[in-house]
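Chemist: Input structure: upload39.pdb, which contains PDB, C-alpha atoms.
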ATOM      1  CA  GLY L 486       9.883  29.575 -31.578
ATOM      2  CA  GLN L 487       6.734  31.659 -31.530
ATOM      3  CA  SER L 488       8.836  34.773 -32.011
ATOM      4  CA  GLY L 489      11.380  35.081 -34.781
ATOM      5  CA  GLY L 490      14.710  36.804 -34.997
ATOM      6  CA  TRP L 491      15.052  40.368 -33.786
ATOM      7  CA  THR L 492      12.844  39.677 -30.767
ATOM      8  CA  THR L 493      14.721  38.876 -27.562
ATOM      9  CA  THR L 494      18.031  38.734 -29.434
ATOM     10  CA  TRP L 495      19.163  39.167 -33.010
ATOM     11  CA  GLN L 496      18.635  35.451 -33.817
ATOM     12  CA  GLY L 497      15.696  35.015 -31.428
ATOM     13  CA  VAL L 498      15.588  32.368 -28.701
ATOM     14  CA  MET L 499      13.880  29.000 -28.227
ATOM     15  CA  THR L 500      12.626  29.697 -24.702
ATOM     16  CA  ASN L 501       9.479  30.989 -23.059
ATOM     17  CA  GLU L 502      11.234  34.018 -21.577
ATOM     18  CA  ASN L 503       9.032  36.570 -23.304
ATOM     19  CA  ARG L 504       6.045  37.927 -21.439
ATOM     20  CA  GLY L 505       2.852  36.580 -22.893
ATOM     21  CA  HIS L 506       1.405  33.184 -23.626
ATOM     22  CA  THR L 507       2.451  30.120 -25.569
ATOM     23  CA  ILE L 508       0.118  28.229 -27.884
ATOM     24  CA  LEU L 509      -0.015  25.533 -25.194
ATOM     25  CA  ASP L 510      -1.156  28.175 -22.672
ATOM     26  CA  GLY L 511      -3.918  29.132 -25.085
ATOM     27  CA  ILE L 512      -5.048  25.536 -25.616
ATOM     28  CA  LYS L 513      -5.180  24.971 -21.854
ATOM     29  CA  ALA L 514      -7.131  28.207 -21.373
ATOM     30  CA  MET L 515      -9.716  27.144 -23.962
ATOM     31  CA  THR L 516     -10.149  23.511 -22.890
ATOM     32  CA  GLY L 517      -9.202  23.471 -19.220
ATOM     33  CA  GLU L 518      -5.814  22.357 -18.036
ATOM     34  CA  ASP L 519      -7.088  18.896 -17.006
ATOM     35  CA  ASN L 520      -8.187  18.226 -20.595
ATOM     36  CA  VAL L 521      -4.712  18.690 -22.112
ATOM     37  CA  GLU L 522      -1.826  16.299 -21.958
ATOM     38  CA  TYR L 523       1.371  17.886 -23.219
ATOM     39  CA  MET L 524       4.102  15.558 -24.439
ATOM     40  CA  LYS L 525       7.372  17.122 -25.441
ATOM     41  CA  VAL L 526       8.916  13.733 -26.193
ATOM     42  CA  LYS L 527       7.080  12.100 -29.094
ATOM     43  CA  LYS L 528       7.850   8.614 -27.823
ATOM     44  CA  HIS L 529       5.528   9.201 -24.865
ATOM     45  CA  PHE L 530       2.544   9.442 -27.208
ATOM     46  CA  MET L 531       3.599   6.389 -29.173
ATOM     47  CA  ASP L 532       3.623   4.376 -25.914
ATOM     48  CA  ALA L 533       0.384   5.899 -24.526
ATOM     49  CA  ASP L 534      -3.150   4.501 -24.592
ATOM     50  CA  LYS L 535      -4.503   6.262 -27.724
ATOM     51  CA  SER L 536      -8.139   5.523 -26.847
ATOM     52  CA  LYS L 537      -8.193   8.335 -24.294
ATOM     53  CA  TYR L 538      -7.404  11.059 -26.839
ATOM     54  CA  ASP L 539      -9.915  12.895 -29.015
ATOM     55  CA  VAL L 540      -7.377  14.878 -31.013
ATOM     56  CA  VAL L 541      -3.630  15.248 -31.436
ATOM     57  CA  ILE L 542      -2.364  18.778 -31.989
ATOM     58  CA  PHE L 543       1.156  18.465 -33.335
ATOM     59  CA  ILE L 544       3.055  21.754 -33.165
ATOM     60  CA  THR L 545       6.248  22.023 -35.179
ATOM     61  CA  GLY L 546       8.103  24.515 -37.307
ATOM     62  CA  GLU L 547      11.505  26.054 -37.399
ATOM     63  CA  VAL L 548      13.837  27.694 -34.937
ATOM     64  CA  PRO L 549      14.019  31.499 -34.853
ATOM     65  CA  TYR L 550      16.478  33.104 -37.228
ATOM     66  CA  ALA L 551      17.365  36.387 -38.855
ATOM     67  CA  GLU L 552      19.152  37.323 -42.035
ATOM     68  CA  GLY L 553      21.859  34.906 -43.261
ATOM     69  CA  ASP L 554      21.515  32.477 -40.359
ATOM     70  CA  GLY L 555      18.077  31.555 -41.669
ATOM     71  CA  ASP L 556      19.268  30.850 -45.204
ATOM     72  CA  ASN L 557      18.178  27.353 -46.137
ATOM     73  CA  PRO L 558      17.907  26.089 -49.704
ATOM     74  CA  ARG L 559      15.177  23.635 -48.637
ATOM     75  CA  PRO L 560      13.121  24.914 -45.679
ATOM     76  CA  SER L 561      11.091  21.938 -44.501
ATOM     77  CA  LEU L 562       9.798  20.001 -41.529
ATOM     78  CA  SER L 563      12.489  17.943 -39.794
ATOM     79  CA  LYS L 564      12.949  14.275 -40.640
ATOM     80  CA  SER L 565      12.114  13.286 -37.057
ATOM     81  CA  ASP L 566       8.848  15.257 -37.227
ATOM     82  CA  LEU L 567       7.973  13.675 -40.579
ATOM     83  CA  ASP L 568       8.663  10.188 -39.193
ATOM     84  CA  TYR L 569       6.443  10.880 -36.203
ATOM     85  CA  ILE L 570       3.677  12.359 -38.340
ATOM     86  CA  SER L 571       3.679   9.277 -40.583
ATOM     87  CA  HIS L 572       2.987   7.112 -37.511
ATOM     88  CA  LEU L 573      -0.113   9.147 -36.657
ATOM     89  CA  ASN L 574      -1.864   7.431 -39.591
ATOM     90  CA  GLU L 575      -1.817   4.213 -37.574
ATOM     91  CA  PHE L 576      -4.320   5.584 -35.073
ATOM     92  CA  ASP L 577      -7.945   6.567 -35.416
ATOM     93  CA  ILE L 578      -7.454  10.017 -33.911
ATOM     94  CA  LYS L 579      -8.137  13.426 -35.453
ATOM     95  CA  THR L 580      -4.818  15.149 -36.082
ATOM     96  CA  LEU L 581      -4.041  18.824 -36.471
ATOM     97  CA  LEU L 582      -0.669  20.161 -37.585
ATOM     98  CA  LEU L 583       0.322  23.660 -36.486
ATOM     99  CA  VAL L 584       3.300  25.003 -38.424
ATOM    100  CA  VAL L 585       5.072  27.804 -36.546
ATOM    101  CA  SER L 586       7.444  29.435 -39.009
ATOM    102  CA  GLY L 587       8.506  32.630 -40.655
ATOM    103  CA  ARG L 588       8.055  31.205 -44.156
ATOM    104  CA  PRO L 589       6.337  28.280 -45.869
ATOM    105  CA  LEU L 590       8.045  24.970 -45.094
ATOM    106  CA  LEU L 591       7.979  21.969 -47.400
ATOM    107  CA  LEU L 592       5.558  19.471 -45.866
ATOM    108  CA  ASP L 593       7.031  16.429 -47.664
ATOM    109  CA  GLY L 594       3.801  14.423 -47.460
ATOM    110  CA  ALA L 595       2.836  15.380 -43.888
ATOM    111  CA  GLU L 596      -0.387  16.896 -45.226
ATOM    112  CA  GLU L 597      -1.596  13.408 -46.175
ATOM    113  CA  SER L 598      -1.588  12.328 -42.506
ATOM    114  CA  MET L 599      -3.367  15.397 -41.142
ATOM    115  CA  ASP L 600      -7.042  16.208 -40.816
ATOM    116  CA  ALA L 601      -6.135  19.910 -40.809
ATOM    117  CA  ILE L 602      -3.080  22.140 -41.119
ATOM    118  CA  VAL L 603      -2.780  25.669 -39.742
ATOM    119  CA  ALA L 604       0.075  28.008 -40.589
ATOM    120  CA  THR L 605       0.361  30.048 -37.406
ATOM    121  CA  TRP L 606       3.379  31.860 -38.784
ATOM    122  CA  GLN L 607       5.128  33.437 -35.786
ATOM    123  CA  PRO L 608       2.400  34.551 -33.411
ATOM    124  CA  GLY L 609       4.843  36.207 -31.029
ATOM    125  CA  THR L 610       3.868  36.245 -27.394
ATOM    126  CA  GLU L 611       0.150  35.724 -27.901
ATOM    127  CA  GLY L 612      -0.482  32.022 -28.347
ATOM    128  CA  LEU L 613      -3.918  32.696 -26.856
ATOM    129  CA  GLY L 614      -4.914  34.160 -30.219
ATOM    130  CA  VAL L 615      -4.004  30.928 -31.998
ATOM    131  CA  ALA L 616      -6.167  28.939 -29.561
ATOM    132  CA  ASP L 617      -9.053  31.415 -29.969
ATOM    133  CA  VAL L 618      -9.230  30.497 -33.649
ATOM    134  CA  LEU L 619      -8.588  26.764 -33.210
ATOM    135  CA  PHE L 620     -11.438  26.408 -30.741
ATOM    136  CA  GLY L 621     -13.926  28.639 -32.561
ATOM    137  CA  LYS L 622     -13.905  31.674 -30.267
ATOM    138  CA  LEU L 623     -12.879  33.720 -33.302
ATOM    139  CA  PRO L 624     -13.295  32.779 -36.976
ATOM    140  CA  PHE L 625     -10.506  31.770 -39.318
ATOM    141  CA  THR L 626      -9.945  34.736 -41.610
ATOM    142  CA  GLY L 627      -6.402  34.246 -42.835
ATOM    143  CA  LYS L 628      -5.355  33.709 -46.418
ATOM    144  CA  LEU L 629      -1.861  32.782 -47.515
ATOM    145  CA  PRO L 630       0.168  35.890 -48.365
ATOM    146  CA  ILE L 631       2.421  33.709 -50.533
ATOM    147  CA  ALA L 632       1.987  30.378 -52.315
ATOM    148  CA  TRP L 633       2.992  27.371 -50.187
ATOM    149  CA  PRO L 634       5.415  25.200 -52.207
ATOM    150  CA  LYS L 635       4.833  21.486 -52.772
ATOM    151  CA  ASP L 636       8.486  20.723 -53.457
ATOM    152  CA  GLU L 637      11.770  22.383 -54.380
ATOM    153  CA  ASN L 638      10.318  23.606 -57.698
ATOM    154  CA  GLY L 639       7.802  25.715 -55.796
ATOM    155  CA  LEU L 640      10.459  27.493 -53.762
ATOM    156  CA  ILE L 641      10.862  29.935 -56.655
ATOM    157  CA  GLN L 642       7.691  32.023 -56.582
ATOM    158  CA  GLY L 643       5.910  32.844 -59.816
ATOM    159  CA  GLN L 644       5.936  29.299 -61.204
ATOM    160  CA  ALA L 645       2.926  27.292 -62.409
ATOM    161  CA  ASP L 646       0.188  26.505 -59.880
ATOM    162  CA  GLU L 647       0.768  22.732 -59.984
ATOM    163  CA  ILE L 648       4.044  23.090 -58.049
ATOM    164  CA  TYR L 649       2.279  24.587 -55.060
ATOM    165  CA  GLN L 650       0.779  22.660 -52.179
ATOM    166  CA  TYR L 651      -1.490  25.614 -51.526
ATOM    167  CA  PRO L 652      -1.800  28.597 -53.917
ATOM    168  CA  PHE L 653      -1.525  32.280 -53.068
ATOM    169  CA  ALA L 654      -4.582  33.458 -51.069
ATOM    170  CA  TYR L 655      -5.550  29.902 -50.080
ATOM    171  CA  GLY L 656      -7.185  29.709 -46.696
ATOM    172  CA  LEU L 657     -10.278  29.184 -44.672
ATOM    173  CA  THR L 658     -12.786  31.852 -43.813
ATOM    174  CA  ILE L 659     -15.724  30.910 -41.642
ATOM    175  CA  GLU L 660     -18.383  33.566 -41.345
TER     176      GLU L 660
END
Show the structure stored in the file as structure tokens.

Modeler:
Amino acid sequence: GQSGGWTTTWQGVMTNENRGHTILDGIKAMTGEDNVEYMKVKKHFMDADKSKYDVVIFITGEVPYAEGDGDNPRPSLSKSDLDYISHLNEFDIKTLLLVVSGRPLLLDGAEESMDAIVATWQPGTEGLGVADVLFGKLPFTGKLPIAWPKDENGLIQGQADEIYQYPFAYGLTIE
């Protein structure tokens, strides 16, 4: 969910009930609705004619949570998302992974299949802002506020740099 816990309810909700805009709304606003094909079921893309697509924007992350309900000894992308992402290598299409989460998630090799990865964190109700950056209306200016772990060893902050997928303050700034 774009909003975390303590938004609509204590544990947050996985709906579009909040006033505002989703990331999909933002993408459609930037490109024109006729230029976006949204597929909630991944199988639809696998069965589609890939030649008509310029880019795949794969949005994933974690469900909203707060306090103890979010405790997870291994926060990561889901197995079904990882399986799907691995299939994207089969096609000659630019791929972008958007990770919507309240913390770094283990990517478990997904980064190898992607042309780019953006940690959107939890943008709340303004998915338009995410699209503004993706499509160049505004520059990327974010830097990681915490190191992004490569594996379970990196889940404990303060370890050696080689256990991180992306180090503290990693990020893209275009000026």

Chemist: Figure out the distance between CA of Pro589 (chain L) and CA of Ser561 (chain L), please, to one decimal in Å.

Modeler: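 CA of Pro589 (chain L) lies at a distance of 8.0 Å from CA of Ser561 (chain L).
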
Chemist: Point out the residue among L:Ile602, L:Ala632, L:Leu573, L:Met515 with the least atom-to-atom distance to Ala616 (chain L), counting all atoms listed in the file.

Modeler: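 Of L:Ile602, L:Ala632, L:Leu573, L:Met515, the one nearest Ala616 (chain L) is L:Met515, counting all atoms listed in the file.
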
Chemist: For CA of Asp534 (chain L) and CA of Tyr569 (chain L), quote the distance in Å rounded to one decimal.

Modeler: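 About the pair CA of Asp534 (chain L) and CA of Tyr569 (chain L): they are 16.4 Å apart.
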
Chemist: Do you have the CA of Asn638 (chain L)-CA of Phe653 (chain L) distance handy?

Modeler: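 Rounded to one decimal, the two atoms are 15.4 Å apart.
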
Chemist: Quick one: residues within 6 Å of Pro634 (chain L), only C-alpha atoms, excluding same-chain residues fewer than 2 positions away - as an MDAnalysis selection string?

Modeler: chainID L and resid 636 639:640 649:650

Chemist: Pull C-alpha atoms from the residues just selected and write them as a PDB file, keeping the file's coordinate frame.

Modeler:
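Below is the file that was written, out10.pdb:
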ATOM      1  CA  ASP L 636       8.486  20.723 -53.457  1.00  0.00           C
ATOM      2  CA  GLY L 639       7.802  25.715 -55.796  1.00  0.00           C
ATOM      3  CA  LEU L 640      10.459  27.493 -53.762  1.00  0.00           C
ATOM      4  CA  TYR L 649       2.279  24.587 -55.060  1.00  0.00           C
ATOM      5  CA  GLN L 650       0.779  22.660 -52.179  1.00  0.00           C
TER       6      GLN L 650
END
